[in-house]
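Comments concern the structure below.
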Amino acid sequence: MSPAGKKFEYAPAPESRAVVTLRSSYGLFIDGEFVDTADGRTFKTISPATEEVLAEVTEAGPTDVDRAVAAARRAYQRTWSKLPARERGKYLFRIARIIQERARELAVLESLDNGKPIRESRDVDIPLVAAHFFYYAGWADKLSYAGLGPDPRPLGVAGQVIPWNFPLLMLSWKIAPALACGNTVVLKPAETTPLTALLFAEICQQADLPPGVVNIITGAGDTGRALVEHGGIDKVAFTGSTEVGKMIARSTAGTAKKVTLELGGKAANILFDDAPVDQAVEGIVNGIFFNQGHVCCAGSRLLVQESVYDEVLVSLKRRLGTLRVGDPLDKNTDVGAINSAEQLARIRELSEVGEAEGAERWSPPCELPERGFWFAPTVFTGVTQAHRIAREEIFGPVLSVLTFRTPAEAVEKANNTPYGLSAGVWTDKGSRILWMADKLRAGVVWANTFNRFDPTSPFGGYKESGYGREGGRHGLEAYLDA
Amino acid sequence: MVTTTAVPTLASGPGGLDLAGITASESSLRRFLHGLPGVDQVGAEARVATLSTRSIKTTAKAWAIDLAISMIDLTTLEGQDTPGKVRALCAKARRPDPADPTAPQVAAICVYPDLVEVAAAALAGSGVKVASVATSFPSGRAALPVKLADVRAGVAAGADEIDMVIDRGAFLSGHYLAVLDEIVAVKAACGDAHLKVILETGELSTYDNVRRASWLAILAGGDFIKTSTGKVAPAATLPVTLVMLEAVRDFRDATGRQVGVKPAGGIRTSKDAIRYLVVVNETAGDDWLDPDWFRIGASSLLNDLLMQRTKLTTGRYSGPDYFTLD
Amino acid sequence: MPDRTSRSTTDRMPVRKTYKLFIGGAFPRSESGRSYEVTDVKGRFLANAAHASRKDARDAVQAARKAFPGWSGATAYNRGQVLYRVAELLEGRRAQFAEDVRAGEGGSARAAAAAVDAAIDRWVWYAGWADKIASVTGSANPVAGPYFDFSVPEPTGVVAVLAPQQSSLLGLVSVVAPVIVSGNTCVVTSSSGRPLPAITLAEVLATSDVPGGVVNVLTGQLADTAPTLASHMDVNAVDLAGAAGDPELSTRLEVAAADNLKRVLRAPAAEPDWRAEPGMERMLRFLETKTVWHPIGV
């Protein structure tokens, strides 16, 4: 709540909630309609910023999963696979347009349910969602030009499970390419952030998408497991933790299911002494405090060249003093609420471990709201490779700072992790950027920038960060039998 | 040529910046300026784009509008300027909104040197400063003695502040010491008058150059660094101002001496002005949120601020007919 | 080998060959000290082959990891040249390979020769891919912002390759070449019953310019080494071709591979006809895509 400046206090500038109309309860979206559960239960979804109950949603049971998969199979066989590719594309274009038209509503709902700042949901998440549908809409009738063979075929029914950090964006990363390639889907949003997916279901209705092409079933881990292990699906796409990713890899072993996994990360953001320092500091901040650090590709390990360590730390701390933590719906908020009590507990636990292991903990002066789930932006200095906070994914606004002396040491430290999702490099020397980019074992390397996303740009990990790519031409491969 | 070592401000700062050593030779100065961290264009522009989304409403807006008014260097720099025009502008400076005495005064009037006397007379006792452009504004293409005479004339006529232009030709051809020496000479000619050094960032082309020119002007003893003459497009921009604010912030960290910043040209709406204040607030901080340390060179901006101010107090939108032209 | 020695027309005692493992460019015996009898299709003794142990598998992984930076860091042109040179050497050993193949797989001499020719041609085909994969699978990505954004393929790392059980040379080449052409290094378990072409290939590789450790060959029983390789945390991917037709083993290996999320190329229900056009699949499976962003500014 408190920016560094004392003179210029920004008055509250809340985005209006009036644009969102929530029902008191939601069923499951199966075969084009919202239906009551056959064997599940209901649960409440809350705003993590206030703990206010937003709506009651359904935890789908095994019978519900059966119904949804059956609906998707029917739609695949009877409608979607028979539709000319051009027509498929037009549905996706139509969906993209509706998302643009309802952008504010989606952004407000996303911030309410997830806790992320409206500035991000409005300026990053939702525009990227629309862009993803636009991008893959255009692919639908051009698949034979994708370099995956002359006549690539859809896989069938895709079971998709997505996380709570970018609820609608992850939905778009899953549904847009799947549909463009001619598959039908059953998607399960995360239990703490189901609402924008349910609003998306309404958008599918509004777009007259044939029933069963998209099915949204809400629920928690059990529902996700039932979907992933369901015998009636041909494809599993999962974004989430490495731990669950491994469970999925085991449970799909020996089946014919095609699997793509986008999992955890512990990215190094590497700052050389010749970096454009002011932009690098912005990149560090964006790298770890964007979306409260709930980002699989977050730059959670800052590697600073020792020769500039002191000045970078001064700049970084000064900059953190200007971060505005608070009401996600306030247009001036930079850091919103932690998504759940459970996640907050994990961040707290790992931070305490960091202190116990001897790292020095620092946060800017920061007034946190009393209700809801909050965690101040935190920096740990004096961190070594052996510390748990340098190895484990915290998935929160916690930065671990390490140092290095030479480019080779930076690469060695950056790669010294089971993960390999992303990395950042800050230097003004072009040849060094390319050398670093070549050596870093990570699926995305941001040089002199961080946390940029685009539907045309393939995204995905090396090693335990998962397999398969989302975005770009490469993203088609996950949904085609080439 | 005036030598740099003669200037008292070029002492070693408390932060360990060896100012005398830096300016000792062309090569040491070049090494220093080229050793400054680079500015990534995309990153700098992305930063101000984000800051531009700040939503400044209600009490914050009222505070920012009044602060912006108090920071204006109300400017007329036209060939057609007359004593009558300048006197009218001075009246506006003293009392921007005749209908509302609570509206603050602007910081200064900015005119050509030959009209300084008129302005000084019209503003006597008001607290509004008189600023004069000088050094063969806006091109700066004249011999040093001519430029210095221009400065002295302005000061003699009562200017509190001198807005000089740097020699962009010398800067772009890498003759940094020549640029520095000229600023040092002008500063000496200013006497007690404050010196604002116009970088003419629209001609410098890159943010790296803006950063180097900022440090050069600061090292030479400028009290303010200013973006533009207003005669070259682009004039002031948010990213350029961001880079300049970073320079004064870092210089104060290194030496303890504070230098002001003045974007000028192209700032026409309250929304623009407030965006600048947000950038000041979140880059250099509180200490620069003061007319002594941040100015806005503008003319039409004032009426827009006044209209917004009226809207905040009355709740309805005003129109240009309700505010004086000058 | 007895059938070769029996053809001897002199009284001279033939010098028998000892078949060993191929690890890190050297030919060690199994550290277990065990070997097993290799017979021809009719059950006649051909040779004793080394019976690789779990420890041998670990050594091989280590050798492959050590070779990875150099091999993946070589220019694509260089890799292509080195692999083409292997084809030249294979050509020079056609007769020996044909003998190995025929002894193990049976069939006519002509069929064996055809299999060898196909294997050499396949090697040449893959060698030519070295400097083309990046052009075909990479991309410049037109992102909506002032960034230059490109994606390039990179080798996954160390790949465990279970070579086919039936097709002892063409099948072997068809699974090894696509893995190493892009810069991966590998540990290959040869056909258990027909290991001789794999060992001969190792001899060719040893005398070629392929750096030691890029290809490591284990002979023995799949059940001994495959689980070690599938669960090894420093192996990045596994090709289960050699477990074709054994869904129980294949599934078990895939489950083990999940421990560090290895990329898995599943075993088909039955061993395919390796003479078919291979396509890019086997290369693509062992490539990662790296996307690099950089701002465009002055």
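As shown in the structure tokens, the chain order sets the letters A, B, ...; within each chain, residues go from 1, and ligands are also counted from 1 in the order they appear.
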Near-B:Pro83 list (10 Å; only C-alpha atoms; drop same-chain fewer than 5 positions) as a PDB file with C-alpha atoms, in the first residue's frame:
```
ATOM      1  CA  ALA B  88       0.029  39.476 -20.589  1.00  0.00           C
ATOM      2  CA  LEU B  89       1.755  36.169 -19.971  1.00  0.00           C
ATOM      3  CA  ASP B 114      15.553  40.925 -25.076  1.00  0.00           C
ATOM      4  CA  LEU B 115      12.253  40.567 -23.264  1.00  0.00           C
ATOM      5  CA  VAL B 116      13.692  39.688 -19.872  1.00  0.00           C
ATOM      6  CA  GLU B 117      13.521  43.253 -18.668  1.00  0.00           C
ATOM      7  CA  VAL B 118       9.810  43.477 -19.479  1.00  0.00           C
ATOM      8  CA  ALA B 119       9.134  40.204 -17.707  1.00  0.00           C
TER       9      ALA B 119
END
```
Need the shell around stretch 50-55 of chain A: protein/DNA/RNA residues with any atom at most 9 Å away, counting only C-alpha atoms. Skip same-chain ones fewer than 4 positions apart. Format as a VMD selection string? chain A and resid 22 to 26 43 to 46 112 to 113 195 327 337 369 to 373
Near C:Ile199, counting only C-alpha atoms, which residues have an atom at most 8 Å away, once you skip same-chain residues fewer than 5 positions from it, shown as an MDAnalysis selection string? chainID C and resid 19:22 217
Distance cut-off 12 Å, counting only C-alpha atoms - which residues of chain B neighbour chain C? Return them as number ranges by chain. B: 38-46, 204-209
Of the candidates A:Ala253, A:Val398, A:Leu148, A:Leu198, which one gets nearest to C:Arg252 if we count only C-alpha atoms?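 That would be A:Ala253, the residue with the smallest distance to C:Arg252.
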Tell me as a PDB file with N, CA and C atoms, in the first residue's frame which residues belonging to chain A come within 7 Å of chain B, counting only C-alpha atoms.
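result.pdb written:
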```pdb
ATOM      1  N   GLY A   5       7.403   7.219  -2.386  1.00  0.00           N
ATOM      2  CA  GLY A   5       7.147   8.649  -2.236  1.00  0.00           C
ATOM      3  C   GLY A   5       6.145   8.897  -1.131  1.00  0.00           C
ATOM      4  N   LYS A   6       6.443   9.826  -0.275  1.00  0.00           N
ATOM      5  CA  LYS A   6       5.478  10.143   0.784  1.00  0.00           C
ATOM      6  C   LYS A   6       4.565  11.279   0.327  1.00  0.00           C
ATOM      7  N   LYS A   7       5.098  12.111  -0.560  1.00  0.00           N
ATOM      8  CA  LYS A   7       4.325  13.289  -0.961  1.00  0.00           C
ATOM      9  C   LYS A   7       3.145  12.928  -1.854  1.00  0.00           C
ATOM     10  N   PHE A   8       3.431  12.093  -2.836  1.00  0.00           N
ATOM     11  CA  PHE A   8       2.458  11.834  -3.892  1.00  0.00           C
ATOM     12  C   PHE A   8       1.755  10.512  -3.593  1.00  0.00           C
ATOM     13  N   GLU A   9       0.719  10.594  -2.756  1.00  0.00           N
ATOM     14  CA  GLU A   9      -0.050   9.392  -2.428  1.00  0.00           C
ATOM     15  C   GLU A   9      -1.111   9.179  -3.499  1.00  0.00           C
ATOM     16  N   TYR A  10      -1.040   8.028  -4.181  1.00  0.00           N
ATOM     17  CA  TYR A  10      -2.072   7.763  -5.183  1.00  0.00           C
ATOM     18  C   TYR A  10      -3.366   7.375  -4.468  1.00  0.00           C
ATOM     19  N   ALA A  11      -4.429   8.101  -4.776  1.00  0.00           N
ATOM     20  CA  ALA A  11      -5.721   7.759  -4.177  1.00  0.00           C
ATOM     21  C   ALA A  11      -6.187   6.411  -4.735  1.00  0.00           C
ATOM     22  N   ALA A  13      -7.878   3.702  -6.798  1.00  0.00           N
ATOM     23  CA  ALA A  13      -8.459   3.793  -8.142  1.00  0.00           C
ATOM     24  C   ALA A  13      -9.011   2.430  -8.519  1.00  0.00           C
ATOM     25  N   ASP A 274      28.154  -5.284 -17.453  1.00  0.00           N
ATOM     26  CA  ASP A 274      27.945  -4.282 -18.502  1.00  0.00           C
ATOM     27  C   ASP A 274      26.465  -4.176 -18.887  1.00  0.00           C
ATOM     28  N   ALA A 275      25.596  -4.646 -18.018  1.00  0.00           N
ATOM     29  CA  ALA A 275      24.164  -4.650 -18.347  1.00  0.00           C
ATOM     30  C   ALA A 275      23.600  -3.236 -18.338  1.00  0.00           C
ATOM     31  N   PRO A 276      22.547  -3.010 -19.095  1.00  0.00           N
ATOM     32  CA  PRO A 276      21.796  -1.768 -18.952  1.00  0.00           C
ATOM     33  C   PRO A 276      21.059  -1.821 -17.608  1.00  0.00           C
ATOM     34  N   VAL A 277      21.689  -1.267 -16.597  1.00  0.00           N
ATOM     35  CA  VAL A 277      21.303  -1.582 -15.219  1.00  0.00           C
ATOM     36  C   VAL A 277      19.861  -1.216 -14.887  1.00  0.00           C
ATOM     37  N   GLN A 279      17.248  -0.981 -16.788  1.00  0.00           N
ATOM     38  CA  GLN A 279      16.301  -1.911 -17.405  1.00  0.00           C
ATOM     39  C   GLN A 279      16.457  -3.304 -16.804  1.00  0.00           C
ATOM     40  N   THR A 322       9.136   1.019  -4.354  1.00  0.00           N
ATOM     41  CA  THR A 322       8.044   1.676  -5.074  1.00  0.00           C
ATOM     42  C   THR A 322       6.930   0.703  -5.456  1.00  0.00           C
ATOM     43  N   LYS A 331      -6.252  -0.077  -9.871  1.00  0.00           N
ATOM     44  CA  LYS A 331      -5.496   0.002 -11.127  1.00  0.00           C
ATOM     45  C   LYS A 331      -4.022   0.311 -10.894  1.00  0.00           C
ATOM     46  N   ASN A 332      -3.672   0.786  -9.690  1.00  0.00           N
ATOM     47  CA  ASN A 332      -2.275   1.107  -9.412  1.00  0.00           C
ATOM     48  C   ASN A 332      -1.529   0.008  -8.657  1.00  0.00           C
TER      49      ASN A 332
END
```
With only C-alpha atoms considered, list every residue of chain C at most 10 Å from chain A, as number ranges by chain. C: 69, 73, 136-145, 147, 149-154, 156-157, 233-237, 247-264, 266-268, 279-281, 285, 287-295
Expected file contents, prior selection, C-alpha atoms, as an mmCIF file, in the first residue's frame:
```
data_model
loop_
_atom_site.group_PDB
_atom_site.id
_atom_site.type_symbol
_atom_site.label_atom_id
_atom_site.label_comp_id
_atom_site.auth_asym_id
_atom_site.auth_seq_id
_atom_site.Cartn_x
_atom_site.Cartn_y
_atom_site.Cartn_z
ATOM 1 C CA PRO C 69 29.290 -30.846 -24.598
ATOM 2 C CA GLY C 73 28.948 -28.077 -29.483
ATOM 3 C CA VAL C 136 13.473 -27.150 -41.035
ATOM 4 C CA THR C 137 12.432 -27.166 -37.390
ATOM 5 C CA GLY C 138 13.606 -23.732 -36.221
ATOM 6 C CA SER C 139 11.673 -20.547 -36.714
ATOM 7 C CA ALA C 140 11.728 -16.809 -36.551
ATOM 8 C CA ASN C 141 8.671 -15.865 -34.534
ATOM 9 C CA PRO C 142 6.824 -12.680 -35.490
ATOM 10 C CA VAL C 143 5.914 -11.550 -31.985
ATOM 11 C CA ALA C 144 3.672 -8.534 -31.458
ATOM 12 C CA GLY C 145 6.329 -6.255 -30.044
ATOM 13 C CA TYR C 147 11.619 -8.104 -30.076
ATOM 14 C CA ASP C 149 12.415 -13.848 -31.374
ATOM 15 C CA PHE C 150 13.707 -17.098 -32.756
ATOM 16 C CA SER C 151 13.489 -20.773 -31.941
ATOM 17 C CA VAL C 152 16.205 -23.286 -32.545
ATOM 18 C CA PRO C 153 16.336 -27.038 -32.004
ATOM 19 C CA GLU C 154 18.886 -28.369 -29.556
ATOM 20 C CA THR C 156 18.006 -33.284 -25.599
ATOM 21 C CA GLY C 157 21.188 -34.678 -24.043
ATOM 22 C CA MET C 233 18.544 -39.389 -13.436
ATOM 23 C CA ASP C 234 21.288 -38.231 -15.798
ATOM 24 C CA VAL C 235 19.661 -39.726 -18.862
ATOM 25 C CA ASN C 236 17.400 -37.268 -20.646
ATOM 26 C CA ALA C 237 15.474 -39.488 -23.011
ATOM 27 C CA PRO C 247 4.244 -54.089 -23.311
ATOM 28 C CA GLU C 248 4.892 -55.107 -19.726
ATOM 29 C CA LEU C 249 8.590 -54.211 -19.896
ATOM 30 C CA SER C 250 7.914 -51.191 -22.018
ATOM 31 C CA THR C 251 5.390 -49.815 -19.542
ATOM 32 C CA ARG C 252 7.686 -50.505 -16.628
ATOM 33 C CA LEU C 253 10.500 -48.626 -18.323
ATOM 34 C CA GLU C 254 8.220 -45.729 -19.167
ATOM 35 C CA VAL C 255 7.129 -45.497 -15.544
ATOM 36 C CA ALA C 256 10.760 -45.489 -14.437
ATOM 37 C CA ALA C 257 11.549 -42.821 -17.024
ATOM 38 C CA ALA C 258 9.018 -40.508 -15.373
ATOM 39 C CA ASP C 259 11.308 -40.064 -12.378
ATOM 40 C CA ASN C 260 13.129 -37.265 -14.176
ATOM 41 C CA LEU C 261 10.613 -36.763 -16.959
ATOM 42 C CA LYS C 262 12.656 -38.368 -19.689
ATOM 43 C CA ARG C 263 11.388 -37.911 -23.168
ATOM 44 C CA VAL C 264 10.098 -41.355 -24.124
ATOM 45 C CA ARG C 266 7.352 -45.656 -26.834
ATOM 46 C CA ALA C 267 7.825 -49.163 -28.121
ATOM 47 C CA PRO C 268 5.511 -50.209 -30.905
ATOM 48 C CA GLY C 279 10.611 -39.552 -41.719
ATOM 49 C CA MET C 280 11.753 -37.022 -39.138
ATOM 50 C CA GLU C 281 10.013 -38.497 -36.111
ATOM 51 C CA ARG C 285 11.703 -36.772 -30.456
ATOM 52 C CA LEU C 287 15.281 -32.364 -29.819
ATOM 53 C CA GLU C 288 14.350 -29.534 -27.521
ATOM 54 C CA THR C 289 13.167 -26.215 -28.854
ATOM 55 C CA LYS C 290 14.879 -23.192 -27.406
ATOM 56 C CA THR C 291 13.279 -19.810 -27.906
ATOM 57 C CA VAL C 292 15.379 -16.676 -27.547
ATOM 58 C CA TRP C 293 14.017 -13.157 -27.182
ATOM 59 C CA HIS C 294 15.897 -9.914 -27.570
ATOM 60 C CA PRO C 295 14.644 -6.348 -27.762
#
```
Using only C-alpha atoms, what table do you get, as a Markdown table, when you list each residue of stretch 73-152 of chain C with an atom no more than 12 Å from stretch 184-187 of chain C, its nearest pair of atoms, and their distance in Å rounded to one decimal, rows by chain then rising number?
```
| residue | atom | partner | partner_atom | distance |
| --- | --- | --- | --- | --- |
| C:Gly73 | CA | C:Asn184 | CA | 10.1 |
| C:Ala74 | CA | C:Asn184 | CA | 11.1 |
| C:Ala76 | CA | C:Asn184 | CA | 12.0 |
| C:Arg79 | CA | C:Asn184 | CA | 10.9 |
| C:Ala130 | CA | C:Asn184 | CA | 11.4 |
```
What's the 10 Å shell around C:Trp71, counting only C-alpha atoms, without same-chain residues fewer than 6 positions away, as a PyMOL selection string? chain C and resi 64+78-79+155+180-185+210-214
Residue selection dump (N, CA and C atoms) as a compact mmCIF listing (two decimals), in the first residue's frame:
```txt
# COMPACT_ATOMS: atom_id res chain seq x y z
N ALA C 64 28.74 -40.99 -21.90
CA ALA C 64 27.89 -40.25 -22.84
C ALA C 64 27.73 -38.80 -22.38
N ASN C 78 30.33 -30.11 -39.23
CA ASN C 78 31.32 -31.06 -38.74
C ASN C 78 30.67 -32.40 -38.38
N ARG C 79 29.55 -32.33 -37.68
CA ARG C 79 28.87 -33.59 -37.33
C ARG C 79 28.48 -34.36 -38.58
N PRO C 155 19.87 -30.53 -29.08
CA PRO C 155 19.78 -31.93 -28.66
C PRO C 155 19.31 -32.02 -27.22
N ILE C 180 22.05 -39.25 -32.72
CA ILE C 180 23.34 -38.55 -32.61
C ILE C 180 23.52 -37.47 -33.65
N VAL C 181 22.76 -37.53 -34.73
CA VAL C 181 23.00 -36.54 -35.79
C VAL C 181 22.75 -35.12 -35.30
N SER C 182 21.83 -34.96 -34.35
CA SER C 182 21.50 -33.61 -33.88
C SER C 182 22.38 -33.17 -32.72
N GLY C 183 23.28 -34.07 -32.27
CA GLY C 183 24.18 -33.67 -31.19
C GLY C 183 23.96 -34.38 -29.87
N ASN C 184 22.95 -35.27 -29.83
CA ASN C 184 22.80 -36.07 -28.62
C ASN C 184 23.94 -37.08 -28.54
N THR C 185 24.18 -37.58 -27.35
CA THR C 185 25.03 -38.74 -27.21
C THR C 185 24.15 -39.87 -26.69
N VAL C 210 34.18 -40.09 -34.88
CA VAL C 210 33.15 -39.87 -33.85
C VAL C 210 33.85 -39.90 -32.49
N PRO C 211 33.75 -38.84 -31.73
CA PRO C 211 34.46 -38.81 -30.44
C PRO C 211 33.99 -39.93 -29.52
N GLY C 212 34.91 -40.44 -28.74
CA GLY C 212 34.57 -41.48 -27.78
C GLY C 212 33.46 -41.00 -26.85
N GLY C 213 32.51 -41.88 -26.57
CA GLY C 213 31.44 -41.53 -25.65
C GLY C 213 30.17 -41.06 -26.34
N VAL C 214 30.27 -40.71 -27.62
CA VAL C 214 29.06 -40.25 -28.33
C VAL C 214 28.11 -41.43 -28.51
```
For B:Ala236: contacts at 7 Å, only C-alpha atoms, fewer than 6 positions along chain excluded, given as a compact mmCIF listing (two decimals) with C-alpha atoms, in the first residue's frame:
```txt
# COMPACT_ATOMS: atom_id res chain seq x y z
CA THR B 227 15.12 18.05 -22.63
CA SER B 228 14.40 20.40 -25.47
CA PRO B 263 11.03 18.40 -19.80
CA ALA B 264 9.93 21.03 -22.28
CA GLY B 265 7.82 20.99 -25.39
CA GLY B 266 4.89 18.81 -26.31
```
Hey, what does DSSP flag as alpha helix (DSSP H) within stretch 93-283 of chain A? Can you give it to me as a PyMOL selection string? chain A and resi 93-101+103-114+118-120+126-139+167-180+195-206+221-228+242-251+277-283
Excluding same-chain residues fewer than 5 positions from A:Pro167, what lies within 8 Å of it counting only C-alpha atoms, as a ChimeraX atom specification? /A:110,114,162,189-190,193-194,196-197
Those selected residues, please, written with C-alpha atoms and delivered as a short mmCIF file (atom, residue, chain, number, x, y, z; two decimals), in the first residue's frame.
```cif
data_model
loop_
_atom_site.label_atom_id
_atom_site.label_comp_id
_atom_site.auth_asym_id
_atom_site.auth_seq_id
_atom_site.Cartn_x
_atom_site.Cartn_y
_atom_site.Cartn_z
CA GLU A 110 -9.72 -12.97 -13.35
CA ASN A 114 -7.06 -15.17 -8.82
CA ILE A 162 -4.49 -26.15 -16.10
CA PRO A 189 -9.43 -25.42 -14.49
CA ALA A 190 -7.72 -25.20 -11.13
CA THR A 193 -9.67 -20.26 -10.13
CA PRO A 194 -12.58 -21.80 -12.01
CA THR A 196 -13.07 -17.36 -16.02
CA ALA A 197 -13.16 -20.87 -17.50
#
```
Might you pull out every residue within 8 Å of B:Pro234, with only C-alpha atoms counted and same-chain residues fewer than 2 positions away left off, and present them as a list in words? Thr201, Gly202, Val232, Ala236 and Thr237 of chain B
Go ahead and save the picked residues with N, CA and C atoms, as a PDB file, in the first residue's frame.
```
ATOM      1  N   THR B 201      17.266  16.706 -26.810  1.00  0.00           N
ATOM      2  CA  THR B 201      17.304  15.248 -26.932  1.00  0.00           C
ATOM      3  C   THR B 201      16.761  14.746 -28.262  1.00  0.00           C
ATOM      4  N   GLY B 202      15.914  15.542 -28.878  1.00  0.00           N
ATOM      5  CA  GLY B 202      15.387  15.140 -30.185  1.00  0.00           C
ATOM      6  C   GLY B 202      16.476  15.027 -31.234  1.00  0.00           C
ATOM      7  N   VAL B 232      12.432  21.601 -31.920  1.00  0.00           N
ATOM      8  CA  VAL B 232      12.826  20.390 -32.637  1.00  0.00           C
ATOM      9  C   VAL B 232      11.879  19.267 -32.210  1.00  0.00           C
ATOM     10  N   ALA B 236      10.090  16.970 -25.574  1.00  0.00           N
ATOM     11  CA  ALA B 236      10.143  16.109 -24.388  1.00  0.00           C
ATOM     12  C   ALA B 236       9.355  14.824 -24.617  1.00  0.00           C
ATOM     13  N   THR B 237       9.914  13.724 -24.149  1.00  0.00           N
ATOM     14  CA  THR B 237       9.159  12.467 -24.117  1.00  0.00           C
ATOM     15  C   THR B 237       9.340  11.858 -22.733  1.00  0.00           C
TER      16      THR B 237
END
```
DSSP on the backbone, strand (DSSP E) only: what residues of stretch 157-286 of chain C does that give? Format it as an MDAnalysis selection string. chainID C and resid 158:162 185:189 215:218 237:239 263:265
Save the residues we just selected, C-alpha atoms, as a compact mmCIF listing (two decimals), in the first residue's frame?
```txt
# COMPACT_ATOMS: atom_id res chain seq x y z
CA VAL C 158 22.01 -38.25 -23.18
CA VAL C 159 19.62 -40.70 -24.81
CA ALA C 160 19.26 -44.34 -23.88
CA VAL C 161 18.46 -46.29 -27.02
CA LEU C 162 17.12 -49.79 -26.84
CA THR C 185 25.03 -38.74 -27.21
CA CYS C 186 23.70 -42.20 -26.49
CA VAL C 187 23.93 -45.45 -24.69
CA VAL C 188 22.69 -48.24 -26.94
CA THR C 189 21.63 -51.61 -25.78
CA VAL C 215 27.87 -43.81 -28.92
CA ASN C 216 28.26 -46.39 -26.20
CA VAL C 217 27.24 -49.96 -26.86
CA LEU C 218 26.06 -52.43 -24.26
CA ALA C 237 15.47 -39.49 -23.01
CA VAL C 238 14.85 -43.09 -23.88
CA ASP C 239 13.93 -44.83 -27.11
CA ARG C 263 11.39 -37.91 -23.17
CA VAL C 264 10.10 -41.35 -24.12
CA LEU C 265 9.70 -42.79 -27.57
```
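Distance-wise, atom CA of C:Gln165 and atom CA of C:Pro195 end up 8.9 Å apart.
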